[in-house]
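Shown here: start.cif, mmCIF, C-alpha atoms.
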data_final
#
loop_
_atom_site.label_atom_id
_atom_site.label_comp_id
_atom_site.auth_asym_id
_atom_site.auth_seq_id
_atom_site.Cartn_x
_atom_site.Cartn_y
_atom_site.Cartn_z
CA MET A 22 0.00 0.00 0.00
CA PRO A 23 2.70 2.60 0.83
CA LYS A 24 4.04 2.37 -2.72
CA GLN A 25 0.50 2.91 -4.00
CA ILE A 26 0.58 6.35 -2.37
CA ILE A 27 3.54 7.37 -4.50
CA THR A 28 2.02 5.76 -7.58
CA ASP A 29 -1.17 7.75 -7.02
CA LEU A 30 0.69 11.03 -6.58
CA ASN A 31 2.84 10.37 -9.61
CA THR A 32 -0.20 9.52 -11.71
CA ARG A 33 -2.16 12.64 -10.88
CA TYR A 34 -1.39 15.59 -13.16
CA THR A 35 -3.05 18.73 -14.47
CA THR A 36 -5.41 17.65 -17.21
CA LYS A 37 -5.52 19.99 -20.20
CA LYS A 38 -8.26 18.35 -22.25
CA TYR A 39 -11.30 16.48 -20.97
CA ASP A 40 -13.40 13.82 -22.59
CA ALA A 41 -16.82 15.45 -22.51
CA ASN A 42 -18.50 12.07 -22.79
CA LYS A 43 -17.16 10.64 -19.54
CA ARG A 44 -18.86 11.43 -16.31
CA ILE A 45 -17.93 10.88 -12.67
CA SER A 46 -20.21 8.23 -11.17
CA ASP A 47 -22.67 9.04 -8.43
CA ASP A 48 -20.79 6.71 -6.09
CA ASP A 49 -17.52 8.55 -6.66
CA LEU A 50 -19.27 11.90 -6.33
CA ALA A 51 -20.55 10.85 -2.93
CA ILE A 52 -16.96 10.03 -1.88
CA ILE A 53 -15.75 13.40 -3.16
CA LYS A 54 -18.42 15.28 -1.22
CA GLU A 55 -17.74 13.41 1.99
CA ALA A 56 -13.97 13.76 1.59
CA LEU A 57 -14.41 17.52 1.23
CA ARG A 58 -16.56 17.62 4.32
CA LEU A 59 -13.96 15.66 6.29
CA SER A 60 -11.09 18.00 5.33
CA PRO A 61 -9.18 19.25 8.35
CA SER A 62 -8.92 22.96 9.14
CA SER A 63 -7.44 25.13 11.88
CA ILE A 64 -9.55 24.95 15.06
CA ASN A 65 -11.94 22.85 12.96
CA SER A 66 -13.19 26.18 11.58
CA GLN A 67 -14.41 24.80 8.23
CA PRO A 68 -14.61 28.36 6.83
CA TRP A 69 -15.61 27.17 3.41
CA LYS A 70 -18.27 26.41 0.84
CA PHE A 71 -17.74 23.84 -1.90
CA ILE A 72 -19.91 24.23 -4.97
CA ILE A 73 -19.96 21.38 -7.47
CA VAL A 74 -20.91 22.50 -10.97
CA ALA A 75 -22.73 19.52 -12.46
CA SER A 76 -25.67 20.60 -14.62
CA ASP A 77 -25.56 22.05 -18.11
CA GLU A 78 -27.12 25.24 -16.77
CA ALA A 79 -24.40 25.69 -14.12
CA LYS A 80 -21.68 24.76 -16.61
CA GLN A 81 -22.93 27.50 -18.92
CA ARG A 82 -22.65 30.00 -16.10
CA LEU A 83 -19.12 28.81 -15.33
CA HIS A 84 -18.24 29.02 -19.01
CA ASP A 85 -19.43 32.62 -19.04
CA THR A 86 -17.11 33.57 -16.18
CA TYR A 87 -14.15 33.07 -18.53
CA ALA A 88 -15.29 35.88 -20.82
CA ASN A 89 -12.50 38.25 -19.79
CA LYS A 90 -9.66 36.19 -18.38
CA HIS A 91 -7.91 32.84 -18.47
CA GLN A 92 -9.73 31.65 -21.56
CA PHE A 93 -7.36 28.68 -21.78
CA ASN A 94 -9.37 27.17 -18.92
CA GLN A 95 -12.76 27.92 -20.47
CA PRO A 96 -13.16 24.61 -22.34
CA HIS A 97 -12.98 22.68 -19.06
CA ALA A 98 -16.19 24.38 -17.91
CA LYS A 99 -18.25 22.32 -20.33
CA GLU A 100 -15.93 19.39 -21.11
CA ALA A 101 -14.95 18.34 -17.59
CA SER A 102 -17.44 16.08 -15.86
CA HIS A 103 -17.77 18.44 -12.90
CA THR A 104 -15.98 21.53 -11.63
CA LEU A 105 -15.51 22.20 -7.95
CA LEU A 106 -15.56 25.83 -6.81
CA LEU A 107 -13.71 26.20 -3.52
CA ALA A 108 -14.73 29.33 -1.63
CA TYR A 109 -13.59 30.87 1.65
CA ASN A 110 -15.36 33.10 4.08
CA PRO A 111 -13.47 36.43 4.10
CA TYR A 112 -15.20 37.59 7.29
CA TYR A 113 -15.41 34.54 9.49
CA THR A 114 -16.97 35.44 12.84
CA LYS A 115 -17.19 33.81 16.20
CA GLU A 116 -20.91 34.26 16.73
CA ASP A 117 -22.19 33.53 13.23
CA HIS A 118 -19.74 30.86 12.10
CA TYR A 119 -17.64 29.37 14.86
CA ARG A 120 -20.64 28.83 17.12
CA LYS A 121 -22.03 26.33 14.58
CA VAL A 122 -18.75 24.41 14.69
CA VAL A 123 -18.72 24.23 18.48
CA ASP A 124 -22.38 23.17 18.43
CA ALA A 125 -21.33 20.30 16.13
CA GLU A 126 -18.40 19.49 18.44
CA VAL A 127 -20.86 18.90 21.26
CA SER A 128 -23.75 17.33 19.32
CA SER A 129 -21.42 14.84 17.63
CA GLY A 130 -20.16 13.65 20.99
CA HIS A 131 -16.65 14.93 20.31
CA LEU A 132 -16.61 17.66 22.96
CA PRO A 133 -18.12 17.28 26.44
CA SER A 134 -20.81 19.95 26.82
CA GLU A 135 -19.21 21.36 29.97
CA MET A 136 -16.18 22.26 27.82
CA TYR A 137 -18.27 24.36 25.41
CA ASP A 138 -17.22 27.81 26.59
CA ASP A 139 -13.56 26.93 27.11
CA PHE A 140 -13.33 25.58 23.59
CA TYR A 141 -15.41 28.32 21.97
CA ASN A 142 -13.35 31.09 23.54
CA GLY A 143 -9.98 29.37 23.71
CA ALA A 144 -9.75 27.98 20.20
CA TYR A 145 -11.16 31.12 18.63
CA THR A 146 -8.08 33.10 19.67
CA PHE A 147 -6.42 31.55 16.59
CA ALA A 148 -9.02 33.19 14.37
CA GLU A 149 -8.72 36.47 16.24
CA ALA A 150 -4.97 36.50 15.73
CA ASN A 151 -5.64 36.35 11.98
CA THR A 152 -8.41 38.97 11.85
CA ASP A 153 -7.71 42.60 11.06
CA GLU A 154 -9.52 45.65 12.43
CA SER A 155 -12.10 45.49 9.61
CA GLY A 156 -12.98 41.90 10.52
CA PHE A 157 -11.21 40.50 7.45
CA ASN A 158 -9.53 37.14 7.99
CA GLY A 159 -9.57 35.94 4.40
CA HIS A 160 -5.86 35.15 4.24
CA TRP A 161 -6.34 32.67 7.06
CA THR A 162 -9.61 31.18 5.82
CA LYS A 163 -8.28 30.93 2.27
CA ALA A 164 -5.29 28.95 3.54
CA GLN A 165 -7.70 26.48 5.15
CA VAL A 166 -9.45 26.04 1.81
CA TYR A 167 -6.12 25.03 0.31
CA ILE A 168 -5.91 22.19 2.85
CA ALA A 169 -9.20 20.96 1.41
CA LEU A 170 -7.77 21.39 -2.08
CA GLY A 171 -4.73 19.26 -1.20
CA ASN A 172 -6.97 16.69 0.43
CA ILE A 173 -9.36 16.43 -2.49
CA MET A 174 -6.60 16.22 -5.12
CA HIS A 175 -5.18 13.27 -3.18
CA THR A 176 -8.67 11.77 -2.95
CA LEU A 177 -9.23 12.10 -6.69
CA ALA A 178 -5.86 10.48 -7.38
CA ARG A 179 -7.00 7.46 -5.35
CA LEU A 180 -10.27 7.34 -7.29
CA GLY A 181 -8.49 7.50 -10.67
CA ILE A 182 -10.30 10.73 -11.47
CA HIS A 183 -8.21 13.44 -13.09
CA SER A 184 -8.35 17.12 -12.36
CA THR A 185 -7.17 20.63 -13.15
CA PRO A 186 -6.49 23.00 -10.26
CA MET A 187 -7.21 26.51 -11.51
CA GLU A 188 -6.18 29.76 -9.92
CA GLY A 189 -6.86 30.81 -13.49
CA VAL A 190 -10.41 31.84 -12.74
CA ASP A 191 -12.09 35.23 -12.59
CA PRO A 192 -13.22 35.75 -8.98
CA GLU A 193 -15.33 38.80 -9.84
CA MET A 194 -17.24 37.00 -12.59
CA ILE A 195 -17.68 33.94 -10.39
CA ALA A 196 -19.00 36.17 -7.60
CA GLU A 197 -21.55 37.53 -10.05
CA GLN A 198 -22.61 34.27 -11.71
CA PHE A 199 -22.73 32.25 -8.49
CA LYS A 200 -23.90 35.00 -6.14
CA ASP A 201 -26.75 32.99 -4.67
CA GLU A 202 -24.68 29.89 -4.02
CA LEU A 203 -21.64 31.73 -2.63
CA GLY A 204 -23.53 33.91 -0.18
CA GLY A 205 -20.59 36.30 0.11
CA TYR A 206 -17.88 33.63 0.21
CA VAL A 207 -15.00 34.16 -2.23
CA CYS A 208 -13.90 31.70 -4.89
CA GLU A 209 -10.36 32.25 -6.16
CA VAL A 210 -9.57 28.66 -7.02
CA ALA A 211 -11.49 25.89 -8.76
CA LEU A 212 -10.85 22.29 -9.67
CA ALA A 213 -12.10 20.78 -12.91
CA MET A 214 -12.63 17.03 -12.51
CA GLY A 215 -13.21 14.19 -14.92
CA TYR A 216 -11.41 12.03 -17.44
CA PRO A 217 -8.85 13.18 -19.99
CA LEU A 218 -9.20 12.96 -23.73
CA GLU A 219 -5.77 11.44 -23.78
CA SER A 220 -5.03 11.87 -27.48
CA GLU A 221 -5.56 15.64 -27.26
CA ASP A 222 -4.14 16.29 -23.81
CA TYR A 223 -0.56 17.51 -24.19
CA ASN A 224 0.01 17.11 -20.47
CA TYR A 225 -1.09 13.48 -20.28
CA GLY A 226 1.48 10.84 -19.39
CA LYS A 227 4.38 13.26 -18.93
CA PRO A 228 6.96 12.76 -16.19
CA LYS A 229 6.59 14.84 -13.04
CA ALA A 230 8.69 18.00 -12.95
CA ARG A 231 9.39 18.49 -9.27
CA LEU A 232 12.48 19.95 -7.66
CA ALA A 233 14.93 17.40 -6.25
CA LEU A 234 14.15 16.01 -2.81
CA GLU A 235 17.21 17.67 -1.28
CA GLU A 236 16.03 21.07 -2.53
CA VAL A 237 12.77 20.92 -0.60
CA VAL A 238 13.07 18.43 2.27
CA THR A 239 15.65 18.53 5.06
CA VAL A 240 15.78 16.01 7.89
CA ILE A 241 17.53 17.32 10.99
CA MET B 25 -11.18 1.09 -2.10
CA PRO B 26 -13.44 4.16 -2.32
CA LYS B 27 -14.86 3.38 1.12
CA GLN B 28 -11.31 3.10 2.43
CA ILE B 29 -10.86 6.78 1.57
CA ILE B 30 -13.66 7.76 3.92
CA THR B 31 -12.44 5.33 6.58
CA ASP B 32 -8.98 6.89 6.39
CA LEU B 33 -10.34 10.43 6.68
CA ASN B 34 -12.61 9.48 9.54
CA THR B 35 -9.76 7.77 11.37
CA ARG B 36 -7.34 10.67 11.20
CA TYR B 37 -7.72 13.14 14.04
CA THR B 38 -5.63 15.67 15.94
CA THR B 39 -3.48 13.70 18.36
CA LYS B 40 -3.10 15.32 21.77
CA LYS B 41 -0.66 12.90 23.40
CA TYR B 42 2.09 10.92 21.70
CA ASP B 43 3.76 7.68 22.70
CA ALA B 44 7.37 8.79 22.90
CA ASN B 45 8.54 5.20 22.43
CA LYS B 46 7.03 4.70 18.99
CA ARG B 47 8.91 5.89 15.95
CA ILE B 48 7.95 6.27 12.29
CA SER B 49 9.85 3.70 10.25
CA ASP B 50 12.44 4.69 7.71
CA ASP B 51 10.27 3.21 4.96
CA ASP B 52 7.30 5.35 5.95
CA LEU B 53 9.53 8.39 6.31
CA ALA B 54 10.70 7.90 2.74
CA ILE B 55 7.04 7.87 1.60
CA ILE B 56 6.33 11.03 3.57
CA LYS B 57 9.27 12.87 2.04
CA GLU B 58 8.37 11.83 -1.49
CA ALA B 59 4.68 12.64 -0.97
CA LEU B 60 5.68 16.14 0.17
CA ARG B 61 7.87 16.57 -2.87
CA LEU B 62 5.03 15.46 -5.15
CA SER B 63 2.54 17.95 -3.68
CA PRO B 64 0.87 20.07 -6.36
CA SER B 65 1.17 23.87 -6.34
CA SER B 66 0.07 26.76 -8.52
CA ILE B 67 2.17 26.95 -11.71
CA ASN B 68 4.22 24.12 -10.12
CA SER B 69 5.90 26.87 -8.11
CA GLN B 70 6.87 24.64 -5.14
CA PRO B 71 7.55 27.75 -3.05
CA TRP B 72 8.34 25.74 0.07
CA LYS B 73 10.79 24.07 2.37
CA PHE B 74 9.87 21.10 4.51
CA ILE B 75 12.02 20.49 7.57
CA ILE B 76 11.60 17.22 9.41
CA VAL B 77 12.65 17.42 13.04
CA ALA B 78 13.98 13.96 13.84
CA SER B 79 17.02 14.11 16.14
CA ASP B 80 17.05 14.80 19.86
CA GLU B 81 19.06 17.94 19.21
CA ALA B 82 16.51 19.32 16.75
CA LYS B 83 13.63 18.30 19.02
CA GLN B 84 15.23 20.27 21.85
CA ARG B 85 15.37 23.33 19.61
CA LEU B 86 11.72 22.86 18.65
CA HIS B 87 10.82 22.41 22.31
CA ASP B 88 12.53 25.71 23.09
CA THR B 89 10.41 27.58 20.52
CA TYR B 90 7.38 27.03 22.75
CA ALA B 91 8.90 29.11 25.57
CA ASN B 92 6.49 32.02 25.13
CA LYS B 93 3.41 30.74 23.33
CA HIS B 94 1.18 27.74 22.74
CA GLN B 95 2.76 25.68 25.50
CA PHE B 96 -0.02 23.11 25.12
CA ASN B 97 1.79 21.95 21.97
CA GLN B 98 5.23 21.86 23.60
CA PRO B 99 5.09 18.20 24.72
CA HIS B 100 4.70 17.06 21.11
CA ALA B 101 8.14 18.47 20.29
CA LYS B 102 9.84 15.65 22.19
CA GLU B 103 7.10 13.01 22.36
CA ALA B 104 6.03 12.88 18.73
CA SER B 105 8.19 10.70 16.53
CA HIS B 106 8.90 13.56 14.13
CA THR B 107 7.62 17.07 13.56
CA LEU B 108 7.31 18.57 10.11
CA LEU B 109 7.91 22.30 9.75
CA LEU B 110 6.18 23.63 6.64
CA ALA B 111 7.68 26.89 5.44
CA TYR B 112 6.83 29.24 2.59
CA ASN B 113 8.96 31.67 0.64
CA PRO B 114 7.56 35.15 1.35
CA TYR B 115 9.49 36.69 -1.55
CA TYR B 116 9.30 34.19 -4.35
CA THR B 117 11.02 35.52 -7.45
CA LYS B 118 11.06 34.65 -11.09
CA GLU B 119 14.81 34.63 -11.56
CA ASP B 120 15.92 32.99 -8.31
CA HIS B 121 13.07 30.52 -7.73
CA TYR B 122 10.83 29.98 -10.73
CA ARG B 123 13.75 29.48 -13.07
CA LYS B 124 14.71 26.34 -11.14
CA VAL B 125 11.19 25.00 -11.62
CA VAL B 126 11.20 25.62 -15.35
CA ASP B 127 14.66 24.05 -15.58
CA ALA B 128 13.15 20.95 -13.91
CA GLU B 129 10.19 21.10 -16.30
CA VAL B 130 12.57 20.74 -19.20
CA SER B 131 15.19 18.39 -17.69
CA SER B 132 12.46 15.97 -16.53
CA GLY B 133 11.11 15.73 -20.05
CA HIS B 134 7.80 17.32 -19.06
CA LEU B 135 8.23 20.53 -21.08
CA PRO B 136 9.72 20.68 -24.58
CA SER B 137 12.78 22.94 -24.44
CA GLU B 138 11.45 25.18 -27.20
CA MET B 139 8.55 26.05 -24.84
CA TYR B 140 10.90 27.28 -22.09
CA ASP B 141 10.37 31.01 -22.50
CA ASP B 142 6.63 30.80 -23.13
CA PHE B 143 6.14 28.79 -19.99
CA TYR B 144 8.57 30.79 -17.86
CA ASN B 145 6.97 34.09 -18.77
CA GLY B 146 3.39 32.98 -19.23
CA ALA B 147 2.88 30.92 -16.10
CA TYR B 148 4.73 33.42 -13.94
CA THR B 149 2.00 36.01 -14.48
CA PHE B 150 0.07 34.10 -11.78
CA ALA B 151 2.84 34.83 -9.30
CA GLU B 152 3.06 38.45 -10.43
CA ALA B 153 -0.65 38.92 -9.87
CA ASN B 154 -0.07 37.89 -6.26
CA THR B 155 3.06 39.98 -5.61
CA ASP B 156 2.88 43.43 -4.06
CA GLU B 157 5.16 46.39 -4.79
CA SER B 158 7.64 45.27 -2.10
CA GLY B 159 7.98 41.86 -3.76
CA PHE B 160 5.98 40.13 -1.02
CA ASN B 161 3.85 37.23 -2.22
CA GLY B 162 3.63 35.30 1.03
CA HIS B 163 -0.15 35.04 1.07
CA TRP B 164 0.01 33.19 -2.21
CA THR B 165 3.01 31.01 -1.37
CA LYS B 166 1.60 30.20 2.08
CA ALA B 167 -1.63 29.00 0.47
CA GLN B 168 0.42 26.59 -1.67
CA VAL B 169 2.05 25.21 1.49
CA TYR B 170 -1.43 24.42 2.78
CA ILE B 171 -2.02 22.23 -0.29
CA ALA B 172 1.03 20.26 0.79
CA LEU B 173 -0.37 20.15 4.33
CA GLY B 174 -3.67 18.72 3.07
CA ASN B 175 -1.83 16.25 0.90
CA ILE B 176 0.47 15.05 3.67
CA MET B 177 -2.35 14.69 6.22
CA HIS B 178 -4.15 12.46 3.73
CA THR B 179 -0.91 10.54 3.12
CA LEU B 180 -0.38 9.99 6.85
CA ALA B 181 -3.95 8.76 7.23
CA ARG B 182 -3.23 6.13 4.60
CA LEU B 183 -0.06 5.11 6.42
CA GLY B 184 -1.84 4.80 9.77
CA ILE B 185 0.41 7.50 11.22
CA HIS B 186 -1.28 10.08 13.40
CA SER B 187 -0.58 13.78 13.46
CA THR B 188 -1.25 17.17 14.99
CA PRO B 189 -1.52 20.17 12.67
CA MET B 190 -0.32 23.20 14.63
CA GLU B 191 -0.84 26.82 13.75
CA GLY B 192 -0.07 26.98 17.46
CA VAL B 193 3.61 27.61 16.90
CA ASP B 194 5.77 30.68 17.43
CA PRO B 195 7.01 31.77 14.00
CA GLU B 196 9.53 34.23 15.46
CA MET B 197 11.11 31.64 17.74
CA ILE B 198 11.13 29.08 14.93
CA ALA B 199 12.81 31.62 12.66
CA GLU B 200 15.50 32.04 15.30
CA GLN B 201 16.03 28.38 16.23
CA PHE B 202 15.91 27.10 12.65
CA LYS B 203 17.52 30.08 10.94
CA ASP B 204 20.06 28.02 9.01
CA GLU B 205 17.57 25.47 7.74
CA LEU B 206 14.85 27.99 6.83
CA GLY B 207 17.07 30.35 4.85
CA GLY B 208 14.51 33.14 5.12
CA TYR B 209 11.46 30.97 4.51
CA VAL B 210 8.66 31.40 7.05
CA CYS B 211 7.16 28.62 9.14
CA GLU B 212 3.73 29.40 10.56
CA VAL B 213 2.39 25.87 10.65
CA ALA B 214 3.86 22.56 11.74
CA LEU B 215 2.69 18.97 11.89
CA ALA B 216 3.65 16.64 14.72
CA MET B 217 3.63 13.02 13.51
CA GLY B 218 3.74 9.69 15.29
CA TYR B 219 1.60 7.33 17.31
CA PRO B 220 -0.79 8.28 20.07
CA LEU B 221 -0.54 7.22 23.69
CA GLU B 222 -4.17 6.27 23.48
CA SER B 223 -4.89 5.99 27.19
CA GLU B 224 -3.81 9.60 27.79
CA ASP B 225 -5.07 11.18 24.56
CA TYR B 226 -8.45 12.81 25.23
CA ASN B 227 -8.99 13.30 21.52
CA TYR B 228 -8.44 9.67 20.54
CA GLY B 229 -11.37 7.66 19.15
CA LYS B 230 -13.84 10.53 19.27
CA PRO B 231 -16.44 10.99 16.52
CA LYS B 232 -15.72 13.63 13.87
CA ALA B 233 -17.33 17.00 14.49
CA ARG B 234 -17.88 18.35 11.01
CA LEU B 235 -20.69 20.56 9.78
CA ALA B 236 -23.47 18.76 7.93
CA LEU B 237 -22.86 18.04 4.25
CA GLU B 238 -25.63 20.39 3.15
CA GLU B 239 -23.96 23.24 5.07
CA VAL B 240 -20.73 23.02 3.10
CA VAL B 241 -21.35 21.26 -0.21
CA THR B 242 -23.84 22.34 -2.88
CA VAL B 243 -24.30 20.50 -6.18
CA ILE B 244 -25.77 22.68 -8.89
#
Let me see whether you can do it: turn the structure in this file into structure tokens.
Amino acid sequence: MPKQIITDLNTRYTTKKYDANKRISDDDLAIIKEALRLSPSSINSQPWKFIIVASDEAKQRLHDTYANKHQFNQPHAKEASHTLLLAYNPYYTKEDHYRKVVDAEVSSGHLPSEMYDDFYNGAYTFAEANTDESGFNGHWTKAQVYIALGNIMHTLARLGIHSTPMEGVDPEMIAEQFKDELGGYVCEVALAMGYPLESEDYNYGKPKARLALEEVVTVI
Amino acid sequence: MPKQIITDLNTRYTTKKYDANKRISDDDLAIIKEALRLSPSSINSQPWKFIIVASDEAKQRLHDTYANKHQFNQPHAKEASHTLLLAYNPYYTKEDHYRKVVDAEVSSGHLPSEMYDDFYNGAYTFAEANTDESGFNGHWTKAQVYIALGNIMHTLARLGIHSTPMEGVDPEMIAEQFKDELGGYVCEVALAMGYPLESEDYNYGKPKARLALEEVVTVI
């Protein structure tokens, strides 16, 4: 199994052309959704919304967000099986957002109810340390979303589903097209998901181009 | 296998007490290092250094960084098998850093050499868009490090190794104690890794406390 981990990570790559006829199964989609939900985050804050673009109507909206920028990613909007929009809460608050988490800590049986206040107040100091005077803590919440991104890319590799992480999106257009779904959360990164059209995907089957181990990892 | 993904993610948790007598094997450590190296990042920037604290001498230095803050995490420094320091480059540059990546793109056989300049200049616009007038792009590079964090937490879950993600570190003290290894990179998050002392770990075996699926995932 350990070697399978490396095989999986070596096999995943950034797909550049999708086969529009292949669709992620409902079973796999259920795994993807649950894996997103189970992503870890600082103080279990879960300051995120994950929107999965699945229908033709939603794909058209996503397509339209590439009108001004990053048109090289536009084809994925309709050709990928699904696209995941990963959004962070730029103004995460204790009362409106963290309270729900601590409620879940207790209702799940994870946290003893007599610890509620200690946890609610104690853990939240991490959020406070990352919140500016305007209430903005989007650098911190965005970083948490990238944990979920790393987690879901690993998950997809295990499922044999390919993907395209895209900072090449237009956050303003996404905010406009997906206003109702985002509810004020900010999407600056998305992940197209599906199956490559191998014969037309110039990135398919290429060797990984990572820096040497000794450049990035030091054991002391 | 798909169900194993959910089992793995449900089994991982934030360890609060390590068994100081149990050590990650060399084989598993090799997987961890390679999985870190294979982590994806925007434009394959790899703007990171990963430092694995393994020796008693390095553990003592890590221990000492908890002198002023977050003392609840201090025991992990010596009791966990290893601690991973994840550091980002706050001033990632095209000439000093991205050039190495594009060199690896070509030498690995991933990128045709005639594409060198197109890739080097084209892809780097993503970094430029995230760089301020002082050259700081640490919000962007830090986010990439959190992809690696999500990837490695998933990897550890597969290996049956437990861990403790810690924003509860003292970046200033770490910068001082690990000055030589960091070379100006910034560590604001670390990951203790090892095996729990189950009988003394209040977090062990508890149910997950995540928000409900419909709170965080929307399929449209």
Report task. Please identify all polymer residues within 8 Å of Ala230 in chain A, counting all atoms listed in the file, omitting same-chain residues fewer than 2 positions from it, and present them as a list in words. Result ->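 These residues fall inside the cut-off: Pro228 and Leu232 of chain A; Val125, Ala128, Glu129, Val130, Ser132, Gly133 and His134 of chain B.
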Sphere at (14.2, 22.5, -10.3), radius 12 Å, counting only C-alpha atoms: residues as a list of chain:residue names
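Final list of nearby residues, as requested, is A:Lys229, A:Ala230, A:Arg231, A:Leu232, A:Ala233, A:Leu234, A:Glu235, A:Glu236, A:Val237, B:Arg61, B:Asn68, B:Ser69, B:Gln70, B:Pro71, B:Asp120, B:His121, B:Tyr122, B:Arg123, B:Lys124, B:Val125, B:Val126, B:Asp127, B:Ala128, B:Glu129, B:Val130, B:Ser131, B:Ser132.
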Self-check item: Residues within 9 Å of His97 in chain A, only C-alpha atoms, excluding chain neighbours under 6 positions, as a ChimeraX atom specification
Solution: /A:37-39,41,84,103-104,185,213-214
* Asked: Quick one, how far is CA of Asn113 in chain B from CA of Thr114 in chain A?
  ->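 These two atoms are separated by 28.9 Å.
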Which residues would end up in the selection if the PyMOL selection byres ((chain A and resi 24) around 12) were applied here, given that I need the answer as JSON, numbers by chain? {"A": [22, 23, 25, 26, 27, 28, 29, 30, 31], "B": [51, 52, 54, 55, 56, 58, 59, 179, 182, 183]}
Spatial neighbours of Gly229 in chain B, max dist 10 Å, only C-alpha atoms, sep filter under 3 positions, as a PDB file with C-alpha atoms, keeping the file's coordinate frame:
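File produced: around.pdb:
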ATOM      1  CA  HIS A 131     -16.650  14.930  20.310  1.00  0.00           C
TER       2      HIS A 131
ATOM      3  CA  ASN B  34     -12.610   9.480   9.540  1.00  0.00           C
ATOM      4  CA  THR B  35      -9.760   7.770  11.370  1.00  0.00           C
ATOM      5  CA  ARG B  36      -7.340  10.670  11.200  1.00  0.00           C
ATOM      6  CA  TYR B  37      -7.720  13.140  14.040  1.00  0.00           C
ATOM      7  CA  THR B  39      -3.480  13.700  18.360  1.00  0.00           C
ATOM      8  CA  GLU B 222      -4.170   6.270  23.480  1.00  0.00           C
ATOM      9  CA  ASP B 225      -5.070  11.180  24.560  1.00  0.00           C
ATOM     10  CA  TYR B 226      -8.450  12.810  25.230  1.00  0.00           C
ATOM     11  CA  LYS B 232     -15.720  13.630  13.870  1.00  0.00           C
TER      12      LYS B 232
END
- So which residues touch range 135-150 of chain A within 7 Å, counting only C-alpha atoms, skipping near sequence neighbours fewer than 2 positions away, as a ChimeraX atom specification? /A:64,123,132-133,152
Exercise. Compile the contact shell of Glu202 in chain A as a list of chain:residue names: residues with an atom at most 12 Å away, counting all atoms listed in the file, same-chain residues fewer than 5 positions apart removed.
Key: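 Counting all atoms listed in the file, the residues come to A:Lys70, A:Phe71, A:Ile72, A:Ile73, A:Val74, A:Ala79, A:Leu106, A:Leu107, A:Ala108, A:Ile195, A:Ala196, A:Glu197, A:Val207, A:Cys208, B:Glu238, B:Glu239, B:Val240, B:Val241, B:Thr242, B:Val243, B:Ile244.
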One-decimal distance in Å that lies between CA of Thr165 in chain B and CA of Lys118 in chain B:
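So the two atoms, CA of Lys118 in chain B and CA of Thr165 in chain B, lie 13.1 Å apart.
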One decimal place gives the CA of Lys57 in chain B-CA of Tyr170 in chain B separation as 15.8 Å
In terms of all atoms listed in the file, the residue from B:Glu212, B:Asn154, B:Leu60, B:Ala104 at minimal distance from Met197 in chain B is B:Glu212
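Remark: for chain A, the closest of the candidate residues B:Leu53, B:Leu108, B:Ile171, B:Ile48 is B:Ile171 (distances computed over only C-alpha atoms).
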What does the PyMOL selection byres ((chain A and resi 42) around 10) select in this file, as a PDB file with C-alpha atoms, keeping the file's coordinate frame?
ATOM      1  CA  TYR A  39     -11.300  16.480 -20.970  1.00  0.00           C
ATOM      2  CA  ASP A  40     -13.400  13.820 -22.590  1.00  0.00           C
ATOM      3  CA  ALA A  41     -16.820  15.450 -22.510  1.00  0.00           C
ATOM      4  CA  LYS A  43     -17.160  10.640 -19.540  1.00  0.00           C
ATOM      5  CA  ARG A  44     -18.860  11.430 -16.310  1.00  0.00           C
ATOM      6  CA  GLU A 100     -15.930  19.390 -21.110  1.00  0.00           C
ATOM      7  CA  ALA A 101     -14.950  18.340 -17.590  1.00  0.00           C
ATOM      8  CA  SER A 102     -17.440  16.080 -15.860  1.00  0.00           C
ATOM      9  CA  GLY A 215     -13.210  14.190 -14.920  1.00  0.00           C
ATOM     10  CA  TYR A 216     -11.410  12.030 -17.440  1.00  0.00           C
ATOM     11  CA  LEU A 218      -9.200  12.960 -23.730  1.00  0.00           C
TER      12      LEU A 218
END
Across B:Leu86, B:Gln168, B:Ser49, B:Tyr112, the smallest distance to chain A, with all atoms listed in the file counted, is shown by B:Gln168
Closest of A:Ala211, A:Leu203, A:Ile173, A:Val190 to Tyr87 in chain A, counting only C-alpha atoms, is A:Val190
**Request:** Return the single residue from A:Val210, A:Ala88, A:Leu177, A:Ala75 that is closest to chain B, with distances computed using only C-alpha atoms.
**Result:**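 The shortest atom-to-atom distance to chain B comes from A:Ala75.
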* To do: Between A:Phe93, A:Lys227, A:Ser62, A:Ile182, single out the one closest to chain B, counting only C-alpha atoms.
  =>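 The shortest atom-to-atom distance to chain B comes from A:Lys227.
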